[in-house]
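This is upload.cif (mmCIF, N, CA and C atoms).
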```
data_model
#
loop_
_atom_site.label_atom_id
_atom_site.label_comp_id
_atom_site.auth_asym_id
_atom_site.auth_seq_id
_atom_site.Cartn_x
_atom_site.Cartn_y
_atom_site.Cartn_z
N MET A 1 82.44 106.26 50.63
CA MET A 1 81.41 105.85 49.71
C MET A 1 81.35 104.33 49.64
N ARG A 2 80.16 103.77 49.71
CA ARG A 2 79.98 102.33 49.64
C ARG A 2 80.11 101.85 48.20
N SER A 3 80.59 100.62 48.07
CA SER A 3 80.59 99.95 46.76
C SER A 3 79.70 98.72 46.88
N TYR A 4 79.05 98.38 45.79
CA TYR A 4 78.03 97.35 45.80
C TYR A 4 78.28 96.26 44.76
N LEU A 5 78.03 95.02 45.18
CA LEU A 5 77.93 93.92 44.23
C LEU A 5 76.44 93.78 43.95
N VAL A 6 76.05 93.95 42.71
CA VAL A 6 74.63 93.97 42.35
C VAL A 6 74.18 92.56 42.00
N ASP A 7 73.16 92.09 42.70
CA ASP A 7 72.62 90.75 42.49
C ASP A 7 71.82 90.71 41.19
N THR A 8 71.61 89.50 40.72
CA THR A 8 70.93 89.27 39.45
C THR A 8 69.54 89.90 39.41
N ASN A 9 68.80 89.83 40.50
CA ASN A 9 67.42 90.36 40.49
C ASN A 9 67.38 91.87 40.32
N VAL A 10 68.43 92.56 40.71
CA VAL A 10 68.47 94.02 40.53
C VAL A 10 68.76 94.35 39.06
N TRP A 11 69.76 93.67 38.49
CA TRP A 11 70.05 93.89 37.05
C TRP A 11 68.82 93.54 36.21
N SER A 12 68.16 92.42 36.54
CA SER A 12 66.99 91.98 35.78
C SER A 12 65.86 93.00 35.82
N GLU A 13 65.73 93.67 36.94
CA GLU A 13 64.68 94.68 37.08
C GLU A 13 64.80 95.76 36.01
N THR A 14 66.03 96.11 35.66
CA THR A 14 66.25 97.18 34.67
C THR A 14 65.78 96.78 33.28
N LEU A 15 65.54 95.49 33.06
CA LEU A 15 65.10 95.00 31.75
C LEU A 15 63.58 94.99 31.59
N LYS A 16 62.87 95.20 32.66
CA LYS A 16 61.41 95.15 32.60
C LYS A 16 60.85 96.34 31.83
N LYS A 17 59.67 96.14 31.23
CA LYS A 17 59.01 97.22 30.50
C LYS A 17 58.73 98.40 31.42
N SER A 18 58.35 98.12 32.66
CA SER A 18 58.11 99.16 33.66
C SER A 18 58.91 98.84 34.92
N PRO A 19 60.21 99.11 34.89
CA PRO A 19 61.03 98.80 36.07
C PRO A 19 60.65 99.67 37.26
N ASP A 20 60.93 99.15 38.43
CA ASP A 20 60.67 99.89 39.66
C ASP A 20 61.50 101.17 39.63
N PRO A 21 60.85 102.35 39.72
CA PRO A 21 61.59 103.61 39.65
C PRO A 21 62.63 103.76 40.77
N LYS A 22 62.36 103.16 41.94
CA LYS A 22 63.33 103.23 43.04
C LYS A 22 64.63 102.55 42.64
N VAL A 23 64.52 101.43 41.95
CA VAL A 23 65.71 100.69 41.53
C VAL A 23 66.49 101.50 40.49
N ILE A 24 65.80 102.05 39.53
CA ILE A 24 66.46 102.84 38.48
C ILE A 24 67.18 104.04 39.10
N THR A 25 66.51 104.73 40.02
CA THR A 25 67.14 105.87 40.71
C THR A 25 68.36 105.41 41.49
N TRP A 26 68.22 104.31 42.24
CA TRP A 26 69.33 103.78 43.03
C TRP A 26 70.52 103.43 42.13
N MET A 27 70.24 102.77 41.00
CA MET A 27 71.32 102.39 40.07
C MET A 27 72.04 103.63 39.54
N ARG A 28 71.29 104.65 39.17
CA ARG A 28 71.89 105.89 38.64
C ARG A 28 72.73 106.59 39.70
N GLU A 29 72.19 106.66 40.92
CA GLU A 29 72.91 107.35 42.00
C GLU A 29 74.21 106.65 42.40
N ASN A 30 74.27 105.34 42.19
CA ASN A 30 75.43 104.55 42.62
C ASN A 30 76.24 103.98 41.46
N GLU A 31 75.97 104.44 40.25
CA GLU A 31 76.54 103.83 39.04
C GLU A 31 78.05 103.59 39.11
N SER A 32 78.80 104.53 39.59
CA SER A 32 80.26 104.39 39.58
C SER A 32 80.79 103.43 40.65
N SER A 33 79.92 103.02 41.57
CA SER A 33 80.37 102.12 42.63
C SER A 33 79.69 100.75 42.57
N LEU A 34 79.19 100.40 41.38
CA LEU A 34 78.53 99.11 41.18
C LEU A 34 79.49 98.10 40.56
N TYR A 35 79.38 96.85 41.04
CA TYR A 35 80.17 95.74 40.52
C TYR A 35 79.22 94.62 40.14
N VAL A 36 79.70 93.74 39.27
CA VAL A 36 78.91 92.58 38.86
C VAL A 36 79.80 91.34 38.97
N SER A 37 79.20 90.25 39.39
CA SER A 37 79.91 88.97 39.51
C SER A 37 79.78 88.19 38.21
N THR A 38 80.79 87.40 37.91
CA THR A 38 80.68 86.51 36.75
C THR A 38 79.56 85.49 36.97
N VAL A 39 79.24 85.18 38.21
CA VAL A 39 78.12 84.28 38.51
C VAL A 39 76.82 84.93 38.05
N THR A 40 76.65 86.21 38.34
CA THR A 40 75.47 86.95 37.90
C THR A 40 75.40 87.02 36.38
N ILE A 41 76.53 87.25 35.74
CA ILE A 41 76.54 87.27 34.27
C ILE A 41 76.04 85.93 33.74
N GLY A 42 76.48 84.84 34.36
CA GLY A 42 76.01 83.51 33.96
C GLY A 42 74.51 83.34 34.17
N GLU A 43 74.00 83.83 35.30
CA GLU A 43 72.56 83.74 35.55
C GLU A 43 71.77 84.56 34.54
N LEU A 44 72.26 85.75 34.22
CA LEU A 44 71.59 86.59 33.23
C LEU A 44 71.60 85.91 31.86
N LYS A 45 72.72 85.36 31.47
CA LYS A 45 72.84 84.66 30.18
C LYS A 45 71.90 83.47 30.13
N TYR A 46 71.83 82.73 31.22
CA TYR A 46 70.92 81.59 31.30
C TYR A 46 69.47 82.04 31.06
N GLY A 47 69.07 83.10 31.74
CA GLY A 47 67.71 83.62 31.56
C GLY A 47 67.44 84.05 30.14
N ILE A 48 68.41 84.71 29.54
CA ILE A 48 68.26 85.17 28.15
C ILE A 48 68.15 83.99 27.20
N ASP A 49 69.02 83.00 27.37
CA ASP A 49 69.03 81.86 26.45
C ASP A 49 67.80 80.97 26.59
N ARG A 50 67.05 81.12 27.67
CA ARG A 50 65.81 80.37 27.85
C ARG A 50 64.66 80.99 27.07
N LEU A 51 64.83 82.24 26.63
CA LEU A 51 63.78 82.92 25.87
C LEU A 51 63.68 82.35 24.46
N ALA A 52 62.50 82.44 23.90
CA ALA A 52 62.31 82.05 22.50
C ALA A 52 63.09 83.02 21.61
N ASP A 53 63.58 82.50 20.49
CA ASP A 53 64.29 83.36 19.55
C ASP A 53 63.36 84.49 19.10
N GLY A 54 63.94 85.66 18.97
CA GLY A 54 63.13 86.79 18.54
C GLY A 54 63.76 88.11 18.95
N LYS A 55 62.99 89.17 18.73
CA LYS A 55 63.46 90.53 18.98
C LYS A 55 63.83 90.75 20.45
N ARG A 56 62.99 90.27 21.36
CA ARG A 56 63.24 90.47 22.80
C ARG A 56 64.53 89.79 23.23
N LYS A 57 64.73 88.56 22.79
CA LYS A 57 65.94 87.83 23.14
C LYS A 57 67.17 88.54 22.59
N ARG A 58 67.12 88.99 21.35
CA ARG A 58 68.25 89.71 20.75
C ARG A 58 68.54 91.01 21.51
N ALA A 59 67.49 91.71 21.91
CA ALA A 59 67.66 92.97 22.67
C ALA A 59 68.34 92.69 24.01
N PHE A 60 67.92 91.63 24.68
CA PHE A 60 68.53 91.29 25.97
C PHE A 60 69.98 90.84 25.80
N GLN A 61 70.27 90.12 24.72
CA GLN A 61 71.66 89.70 24.45
C GLN A 61 72.54 90.93 24.21
N THR A 62 72.03 91.89 23.47
CA THR A 62 72.76 93.13 23.23
C THR A 62 72.97 93.87 24.54
N TRP A 63 71.92 93.95 25.36
CA TRP A 63 72.03 94.60 26.66
C TRP A 63 73.12 93.96 27.51
N LEU A 64 73.17 92.63 27.56
CA LEU A 64 74.17 91.95 28.36
C LEU A 64 75.58 92.22 27.83
N SER A 65 75.75 92.23 26.53
CA SER A 65 77.06 92.54 25.94
C SER A 65 77.51 93.95 26.31
N ILE A 66 76.59 94.89 26.23
CA ILE A 66 76.90 96.28 26.59
C ILE A 66 77.22 96.38 28.08
N LEU A 67 76.45 95.69 28.91
CA LEU A 67 76.71 95.70 30.35
C LEU A 67 78.13 95.23 30.65
N ILE A 68 78.53 94.15 30.04
CA ILE A 68 79.86 93.59 30.28
C ILE A 68 80.95 94.59 29.89
N VAL A 69 80.76 95.26 28.77
CA VAL A 69 81.73 96.27 28.32
C VAL A 69 81.73 97.46 29.28
N ARG A 70 80.55 97.94 29.65
CA ARG A 70 80.45 99.11 30.55
C ARG A 70 81.03 98.83 31.93
N MET A 71 80.97 97.58 32.35
CA MET A 71 81.45 97.22 33.68
C MET A 71 82.92 96.81 33.68
N LYS A 72 83.61 97.05 32.58
CA LYS A 72 85.03 96.67 32.50
C LYS A 72 85.79 97.19 33.72
N GLY A 73 86.53 96.29 34.36
CA GLY A 73 87.26 96.63 35.56
C GLY A 73 86.43 96.46 36.82
N ARG A 74 85.12 96.21 36.65
CA ARG A 74 84.24 96.01 37.80
C ARG A 74 83.46 94.70 37.67
N VAL A 75 83.99 93.78 36.86
CA VAL A 75 83.44 92.42 36.75
C VAL A 75 84.32 91.54 37.64
N LEU A 76 83.73 90.95 38.65
CA LEU A 76 84.48 90.17 39.63
C LEU A 76 84.32 88.68 39.36
N SER A 77 85.44 88.03 39.16
CA SER A 77 85.44 86.61 38.82
C SER A 77 85.26 85.72 40.04
N TYR A 78 84.67 84.57 39.79
CA TYR A 78 84.63 83.52 40.80
C TYR A 78 85.92 82.74 40.61
N ASN A 79 86.88 83.01 41.49
CA ASN A 79 88.21 82.42 41.35
C ASN A 79 88.58 81.66 42.62
N THR A 80 89.84 81.26 42.72
CA THR A 80 90.28 80.46 43.85
C THR A 80 90.06 81.16 45.19
N SER A 81 90.38 82.45 45.28
CA SER A 81 90.22 83.14 46.56
C SER A 81 88.75 83.29 46.94
N VAL A 82 87.89 83.50 45.97
CA VAL A 82 86.45 83.59 46.26
C VAL A 82 85.93 82.19 46.62
N ALA A 83 86.42 81.17 45.93
CA ALA A 83 86.00 79.80 46.22
C ALA A 83 86.36 79.40 47.65
N THR A 84 87.48 79.88 48.14
CA THR A 84 87.89 79.60 49.52
C THR A 84 86.91 80.24 50.49
N VAL A 85 86.52 81.48 50.23
CA VAL A 85 85.52 82.16 51.07
C VAL A 85 84.19 81.40 50.99
N TRP A 86 83.82 80.95 49.80
CA TRP A 86 82.58 80.20 49.61
C TRP A 86 82.58 78.94 50.47
N GLY A 87 83.69 78.20 50.45
CA GLY A 87 83.78 76.98 51.26
C GLY A 87 83.60 77.26 52.74
N GLN A 88 84.23 78.32 53.21
CA GLN A 88 84.10 78.71 54.61
C GLN A 88 82.66 79.10 54.93
N LEU A 89 82.06 79.86 54.02
CA LEU A 89 80.68 80.33 54.20
C LEU A 89 79.71 79.16 54.26
N GLN A 90 79.86 78.21 53.34
CA GLN A 90 78.97 77.04 53.30
C GLN A 90 79.12 76.18 54.55
N ALA A 91 80.37 75.96 54.99
CA ALA A 91 80.61 75.15 56.18
C ALA A 91 80.02 75.80 57.42
N LYS A 92 80.18 77.12 57.54
CA LYS A 92 79.63 77.85 58.68
C LYS A 92 78.10 77.76 58.68
N ALA A 93 77.50 77.95 57.53
CA ALA A 93 76.04 77.87 57.42
C ALA A 93 75.55 76.48 57.80
N GLU A 94 76.23 75.47 57.33
CA GLU A 94 75.84 74.09 57.64
C GLU A 94 75.93 73.82 59.14
N ARG A 95 77.01 74.29 59.77
CA ARG A 95 77.16 74.12 61.22
C ARG A 95 76.03 74.80 61.99
N GLU A 96 75.53 75.91 61.43
CA GLU A 96 74.46 76.65 62.07
C GLU A 96 73.07 76.17 61.64
N GLY A 97 73.04 75.11 60.84
CA GLY A 97 71.77 74.51 60.44
C GLY A 97 71.08 75.17 59.26
N PHE A 98 71.82 75.90 58.43
CA PHE A 98 71.24 76.57 57.28
C PHE A 98 71.82 76.00 55.99
N ARG A 99 71.03 76.06 54.95
CA ARG A 99 71.48 75.63 53.63
C ARG A 99 71.43 76.85 52.73
N LEU A 100 72.58 77.23 52.19
CA LEU A 100 72.64 78.37 51.28
C LEU A 100 72.61 77.86 49.84
N PRO A 101 71.72 78.40 49.01
CA PRO A 101 71.72 78.01 47.60
C PRO A 101 73.10 78.27 46.97
N SER A 102 73.52 77.37 46.11
CA SER A 102 74.88 77.42 45.58
C SER A 102 75.22 78.74 44.88
N LEU A 103 74.39 79.17 43.94
CA LEU A 103 74.72 80.40 43.20
C LEU A 103 74.63 81.63 44.08
N ASP A 104 73.61 81.70 44.94
CA ASP A 104 73.52 82.84 45.86
C ASP A 104 74.73 82.89 46.78
N SER A 105 75.17 81.74 47.26
CA SER A 105 76.32 81.73 48.17
C SER A 105 77.61 82.06 47.44
N GLN A 106 77.70 81.76 46.16
CA GLN A 106 78.87 82.16 45.38
C GLN A 106 78.89 83.68 45.20
N ILE A 107 77.73 84.27 44.98
CA ILE A 107 77.63 85.73 44.89
C ILE A 107 77.97 86.35 46.25
N ALA A 108 77.45 85.76 47.32
CA ALA A 108 77.76 86.26 48.66
C ALA A 108 79.26 86.18 48.94
N ALA A 109 79.89 85.08 48.57
CA ALA A 109 81.34 84.92 48.79
C ALA A 109 82.12 85.97 48.01
N THR A 110 81.65 86.30 46.81
CA THR A 110 82.32 87.33 46.00
C THR A 110 82.23 88.68 46.72
N ALA A 111 81.05 89.01 47.23
CA ALA A 111 80.88 90.28 47.95
C ALA A 111 81.74 90.30 49.21
N LEU A 112 81.76 89.21 49.95
CA LEU A 112 82.57 89.14 51.17
C LEU A 112 84.05 89.30 50.86
N LYS A 113 84.52 88.59 49.84
CA LYS A 113 85.95 88.64 49.48
C LYS A 113 86.39 90.05 49.12
N HIS A 114 85.51 90.80 48.47
CA HIS A 114 85.85 92.14 47.99
C HIS A 114 85.32 93.25 48.90
N SER A 115 84.80 92.88 50.07
CA SER A 115 84.27 93.84 51.05
C SER A 115 83.22 94.77 50.44
N LEU A 116 82.29 94.18 49.71
CA LEU A 116 81.23 94.95 49.07
C LEU A 116 79.90 94.71 49.76
N VAL A 117 79.02 95.68 49.68
CA VAL A 117 77.65 95.52 50.13
C VAL A 117 76.90 94.83 48.99
N LEU A 118 76.07 93.85 49.32
CA LEU A 118 75.29 93.18 48.29
C LEU A 118 73.98 93.91 48.09
N ALA A 119 73.70 94.32 46.86
CA ALA A 119 72.43 94.96 46.51
C ALA A 119 71.51 93.88 45.95
N THR A 120 70.44 93.60 46.67
CA THR A 120 69.52 92.53 46.28
C THR A 120 68.13 92.78 46.81
N ARG A 121 67.16 92.22 46.12
CA ARG A 121 65.79 92.24 46.61
C ARG A 121 65.60 91.12 47.64
N ASN A 122 66.40 90.07 47.51
CA ASN A 122 66.26 88.87 48.34
C ASN A 122 67.10 88.96 49.62
N VAL A 123 66.84 89.96 50.40
CA VAL A 123 67.60 90.20 51.63
C VAL A 123 67.58 88.97 52.52
N ARG A 124 66.42 88.35 52.65
CA ARG A 124 66.27 87.18 53.52
C ARG A 124 67.19 86.03 53.12
N ASP A 125 67.43 85.85 51.82
CA ASP A 125 68.28 84.75 51.34
C ASP A 125 69.72 84.87 51.83
N PHE A 126 70.13 86.07 52.19
CA PHE A 126 71.51 86.32 52.59
C PHE A 126 71.65 86.62 54.07
N LYS A 127 70.57 86.41 54.80
CA LYS A 127 70.50 86.75 56.22
C LYS A 127 71.61 86.10 57.05
N HIS A 128 71.96 84.87 56.75
CA HIS A 128 72.91 84.12 57.57
C HIS A 128 74.33 84.13 57.03
N THR A 129 74.64 85.06 56.15
CA THR A 129 75.97 85.08 55.54
C THR A 129 76.94 86.02 56.24
N GLY A 130 76.43 86.91 57.07
CA GLY A 130 77.28 87.92 57.69
C GLY A 130 77.58 89.07 56.75
N LEU A 131 76.92 89.07 55.63
CA LEU A 131 77.14 90.05 54.57
C LEU A 131 76.31 91.31 54.83
N ARG A 132 76.87 92.47 54.51
CA ARG A 132 76.08 93.70 54.52
C ARG A 132 75.21 93.69 53.26
N VAL A 133 73.92 93.93 53.44
CA VAL A 133 72.96 93.83 52.34
C VAL A 133 72.13 95.11 52.29
N GLU A 134 71.83 95.55 51.08
CA GLU A 134 70.94 96.71 50.87
C GLU A 134 69.92 96.35 49.80
N ASN A 135 68.68 96.75 50.03
CA ASN A 135 67.60 96.45 49.11
C ASN A 135 67.22 97.70 48.31
N PRO A 136 67.63 97.79 47.04
CA PRO A 136 67.29 98.97 46.22
C PRO A 136 65.79 99.11 45.95
N PHE A 137 65.02 98.05 46.21
CA PHE A 137 63.57 98.09 45.99
C PHE A 137 62.86 98.73 47.18
N ALA A 138 63.54 98.83 48.31
CA ALA A 138 62.89 99.33 49.53
C ALA A 138 62.79 100.84 49.53
#
```
Kindly return the structure encoded in the file as structure tokens.
Amino acid sequence: MRSYLVDTNVWSETLKKSPDPKVITWMRENESSLYVSTVTIGELKYGIDRLADGKRKRAFQTWLSILIVRMKGRVLSYNTSVATVWGQLQAKAEREGFRLPSLDSQIAATALKHSLVLATRNVRDFKHTGLRVENPFA
């Protein structure tokens, strides 16, 4: 059974008023093998904190708190070993003439370090990482 590091855009999809049904089905079918990066948690928090104060912002903050609790044991930190993989990944990309966005490459390094498939809508952004990628929107 495959295990997945879920990118920010997939988690964000679940918050939409009308989320893509393919994504919701994919998330349910793979629920026990999903992981989240602390980088993604930071991106989600950033998006939430940019919202105007109100009911929607409070609902999203509650959702993020629940997500963190539900993912206990499957929250992967950006630590020294992941940072080492990130450095290698960035240097390789640079040698090959590519520039990887910092946060995306940190998520990619987390997936590589833990031998996870990255679940993302932005397949193209991770093309040069050597990472196995799956698009739940497809």
**Study point:** Polymer residues at most 7 Å from stretch 10-22 of chain A, only C-alpha atoms, same-chain spacing of 4 or more positions, as a PyMOL selection string
**Key:** chain A and resi 6+26+120-121+136-137
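Atom pair atom C of A:Asn135 / atom CA of A:Ala119 has a distance of 6.2 Å (rounded to one decimal).
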Revision key, fill the gap. As a check of understanding: the span from atom CA of A:His114 to atom N of A:Ala138 is 23.3 Å
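With only N, CA and C atoms as the atoms that count, the residue of A:Thr25, A:Val133, A:Arg2, A:Lys113 with the shortest distance to A:Ser81 is A:Lys113.
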Could you expand the PyMOL selection byres ((chain A and resi 64-73) around 8) into the explicit residues it covers here, written as a tab-separated table (two decimals) with N, CA and C atoms, keeping the file's coordinate frame?
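Listed below is the output, part_4.tsv:
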```tsv
chain	number	residue	atom	x	y	z
A	34	LEU	N	79.19	100.40	41.38
A	34	LEU	CA	78.53	99.11	41.18
A	34	LEU	C	79.49	98.10	40.56
A	35	TYR	N	79.38	96.85	41.04
A	35	TYR	CA	80.17	95.74	40.52
A	35	TYR	C	79.22	94.62	40.14
A	36	VAL	N	79.70	93.74	39.27
A	36	VAL	CA	78.91	92.58	38.86
A	36	VAL	C	79.80	91.34	38.97
A	41	ILE	N	76.53	87.25	35.74
A	41	ILE	CA	76.54	87.27	34.27
A	41	ILE	C	76.04	85.93	33.74
A	44	LEU	N	72.26	85.75	34.22
A	44	LEU	CA	71.59	86.59	33.23
A	44	LEU	C	71.60	85.91	31.86
A	45	LYS	N	72.72	85.36	31.47
A	45	LYS	CA	72.84	84.66	30.18
A	45	LYS	C	71.90	83.47	30.13
A	58	ARG	N	67.12	88.99	21.35
A	58	ARG	CA	68.25	89.71	20.75
A	58	ARG	C	68.54	91.01	21.51
A	59	ALA	N	67.49	91.71	21.91
A	59	ALA	CA	67.66	92.97	22.67
A	59	ALA	C	68.34	92.69	24.01
A	60	PHE	N	67.92	91.63	24.68
A	60	PHE	CA	68.53	91.29	25.97
A	60	PHE	C	69.98	90.84	25.80
A	61	GLN	N	70.27	90.12	24.72
A	61	GLN	CA	71.66	89.70	24.45
A	61	GLN	C	72.54	90.93	24.21
A	62	THR	N	72.03	91.89	23.47
A	62	THR	CA	72.76	93.13	23.23
A	62	THR	C	72.97	93.87	24.54
A	63	TRP	N	71.92	93.95	25.36
A	63	TRP	CA	72.03	94.60	26.66
A	63	TRP	C	73.12	93.96	27.51
A	74	ARG	N	85.12	96.21	36.65
A	74	ARG	CA	84.24	96.01	37.80
A	74	ARG	C	83.46	94.70	37.67
A	75	VAL	N	83.99	93.78	36.86
A	75	VAL	CA	83.44	92.42	36.75
A	75	VAL	C	84.32	91.54	37.64
A	76	LEU	N	83.73	90.95	38.65
A	76	LEU	CA	84.48	90.17	39.63
A	76	LEU	C	84.32	88.68	39.36
```
May I have the residues at most 7 Å from (80.6, 84.8, 44.8) in the file's coordinates, counting only N, CA and C atoms, as a PDB file with N, CA and C atoms, in the coordinates of the input?
```
ATOM      1  N   SER A  37      79.200  90.250  39.390  1.00  0.00           N
ATOM      2  CA  SER A  37      79.910  88.970  39.510  1.00  0.00           C
ATOM      3  C   SER A  37      79.780  88.190  38.210  1.00  0.00           C
ATOM      4  N   VAL A  39      79.240  85.180  38.210  1.00  0.00           N
ATOM      5  CA  VAL A  39      78.120  84.280  38.510  1.00  0.00           C
ATOM      6  C   VAL A  39      76.820  84.930  38.050  1.00  0.00           C
ATOM      7  N   SER A  77      85.440  88.030  39.160  1.00  0.00           N
ATOM      8  CA  SER A  77      85.440  86.610  38.820  1.00  0.00           C
ATOM      9  C   SER A  77      85.260  85.720  40.040  1.00  0.00           C
ATOM     10  N   TYR A  78      84.670  84.570  39.790  1.00  0.00           N
ATOM     11  CA  TYR A  78      84.630  83.520  40.800  1.00  0.00           C
ATOM     12  C   TYR A  78      85.920  82.740  40.610  1.00  0.00           C
ATOM     13  N   VAL A  82      87.890  83.500  45.970  1.00  0.00           N
ATOM     14  CA  VAL A  82      86.450  83.590  46.260  1.00  0.00           C
ATOM     15  C   VAL A  82      85.930  82.190  46.620  1.00  0.00           C
ATOM     16  N   ALA A  83      86.420  81.170  45.930  1.00  0.00           N
ATOM     17  CA  ALA A  83      86.000  79.800  46.220  1.00  0.00           C
ATOM     18  C   ALA A  83      86.360  79.400  47.650  1.00  0.00           C
ATOM     19  N   TRP A  86      83.820  80.950  49.800  1.00  0.00           N
ATOM     20  CA  TRP A  86      82.580  80.200  49.610  1.00  0.00           C
ATOM     21  C   TRP A  86      82.580  78.940  50.470  1.00  0.00           C
ATOM     22  N   LEU A 103      74.390  79.170  43.940  1.00  0.00           N
ATOM     23  CA  LEU A 103      74.720  80.400  43.200  1.00  0.00           C
ATOM     24  C   LEU A 103      74.630  81.630  44.080  1.00  0.00           C
ATOM     25  N   ASP A 104      73.610  81.700  44.940  1.00  0.00           N
ATOM     26  CA  ASP A 104      73.520  82.840  45.860  1.00  0.00           C
ATOM     27  C   ASP A 104      74.730  82.890  46.780  1.00  0.00           C
ATOM     28  N   SER A 105      75.170  81.740  47.260  1.00  0.00           N
ATOM     29  CA  SER A 105      76.320  81.730  48.170  1.00  0.00           C
ATOM     30  C   SER A 105      77.610  82.060  47.440  1.00  0.00           C
ATOM     31  N   GLN A 106      77.700  81.760  46.160  1.00  0.00           N
ATOM     32  CA  GLN A 106      78.870  82.160  45.380  1.00  0.00           C
ATOM     33  C   GLN A 106      78.890  83.680  45.200  1.00  0.00           C
ATOM     34  N   ILE A 107      77.730  84.270  44.980  1.00  0.00           N
ATOM     35  CA  ILE A 107      77.630  85.730  44.890  1.00  0.00           C
ATOM     36  C   ILE A 107      77.970  86.350  46.250  1.00  0.00           C
ATOM     37  N   ALA A 108      77.450  85.760  47.320  1.00  0.00           N
ATOM     38  CA  ALA A 108      77.760  86.260  48.660  1.00  0.00           C
ATOM     39  C   ALA A 108      79.260  86.180  48.940  1.00  0.00           C
ATOM     40  N   ALA A 109      79.890  85.080  48.570  1.00  0.00           N
ATOM     41  CA  ALA A 109      81.340  84.920  48.790  1.00  0.00           C
ATOM     42  C   ALA A 109      82.120  85.970  48.010  1.00  0.00           C
ATOM     43  N   THR A 110      81.650  86.300  46.810  1.00  0.00           N
ATOM     44  CA  THR A 110      82.320  87.330  46.000  1.00  0.00           C
ATOM     45  C   THR A 110      82.230  88.680  46.720  1.00  0.00           C
ATOM     46  N   ALA A 111      81.050  89.010  47.230  1.00  0.00           N
ATOM     47  CA  ALA A 111      80.880  90.280  47.950  1.00  0.00           C
ATOM     48  C   ALA A 111      81.740  90.300  49.210  1.00  0.00           C
ATOM     49  N   LEU A 112      81.760  89.210  49.950  1.00  0.00           N
ATOM     50  CA  LEU A 112      82.570  89.140  51.170  1.00  0.00           C
ATOM     51  C   LEU A 112      84.050  89.300  50.860  1.00  0.00           C
TER      52      LEU A 112
END
```
Practice item. Quick one: pull the distance between atom CA of A:Phe98 and atom CA of A:Thr84, Å, one decimal. Key: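 Between these atoms lies a distance of 18.6 Å.
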Review point. What's the 8 Å shell around A:Leu131, counting only N, CA and C atoms, without same-chain residues fewer than 3 positions away, as a PyMOL selection string?
Key: chain A and resi 108+111-112+116-118+126-128+134
Exercise for review: Give me every alpha helix (DSSP H) residue in stretch 10-135 of chain A, going by DSSP on the backbone, as a count of residues only.
Suggested key: 69
Exercise for review: For A:Ser33, list every protein, DNA or RNA residue within 7 Å, evaluated using all atoms listed in the file, and leave out those in the same chain fewer than 6 positions away; present the list as a PyMOL selection string.
Suggested key: chain A and resi 2-5
Exercise for review: Can you pull out every residue within 7 Å of A:Glu43, counting only N, CA and C atoms, but drop anything in the same chain fewer than 5 positions away, and send it as number ranges by chain?
Suggested key: A: 8, 38, 48
DSSP-assigned strand (DSSP E) among chain A, expressed as a compact mmCIF listing (two decimals) with N, CA and C atoms, keeping the file's coordinate frame:
```txt
# COMPACT_ATOMS: atom_id res chain seq x y z
N TYR A 4 79.05 98.38 45.79
CA TYR A 4 78.03 97.35 45.80
C TYR A 4 78.28 96.26 44.76
N LEU A 5 78.03 95.02 45.18
CA LEU A 5 77.93 93.92 44.23
C LEU A 5 76.44 93.78 43.95
N VAL A 6 76.05 93.95 42.71
CA VAL A 6 74.63 93.97 42.35
C VAL A 6 74.18 92.56 42.00
N LEU A 34 79.19 100.40 41.38
CA LEU A 34 78.53 99.11 41.18
C LEU A 34 79.49 98.10 40.56
N TYR A 35 79.38 96.85 41.04
CA TYR A 35 80.17 95.74 40.52
C TYR A 35 79.22 94.62 40.14
N VAL A 36 79.70 93.74 39.27
CA VAL A 36 78.91 92.58 38.86
C VAL A 36 79.80 91.34 38.97
N SER A 37 79.20 90.25 39.39
CA SER A 37 79.91 88.97 39.51
C SER A 37 79.78 88.19 38.21
N VAL A 75 83.99 93.78 36.86
CA VAL A 75 83.44 92.42 36.75
C VAL A 75 84.32 91.54 37.64
N LEU A 76 83.73 90.95 38.65
CA LEU A 76 84.48 90.17 39.63
C LEU A 76 84.32 88.68 39.36
N VAL A 117 79.02 95.68 49.68
CA VAL A 117 77.65 95.52 50.13
C VAL A 117 76.90 94.83 48.99
N LEU A 118 76.07 93.85 49.32
CA LEU A 118 75.29 93.18 48.29
C LEU A 118 73.98 93.91 48.09
N ALA A 119 73.70 94.32 46.86
CA ALA A 119 72.43 94.96 46.51
C ALA A 119 71.51 93.88 45.95
N VAL A 133 73.92 93.93 53.44
CA VAL A 133 72.96 93.83 52.34
C VAL A 133 72.13 95.11 52.29
N GLU A 134 71.83 95.55 51.08
CA GLU A 134 70.94 96.71 50.87
C GLU A 134 69.92 96.35 49.80
```
Point to revise | Among the residues A:Pro101, A:Val85, A:Thr40, A:Glu29, the one that comes closest to A:Asn9 [using only N, CA and C atoms] | key: A:Thr40
Check your understanding: Using all atoms listed in the file, which residues sit within 7 Å of A:Leu100 once same-chain residues fewer than 6 positions away are excluded, as a list in words?
Key ->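 Selected residues are Gln90, Ala93 and Glu94 of chain A.
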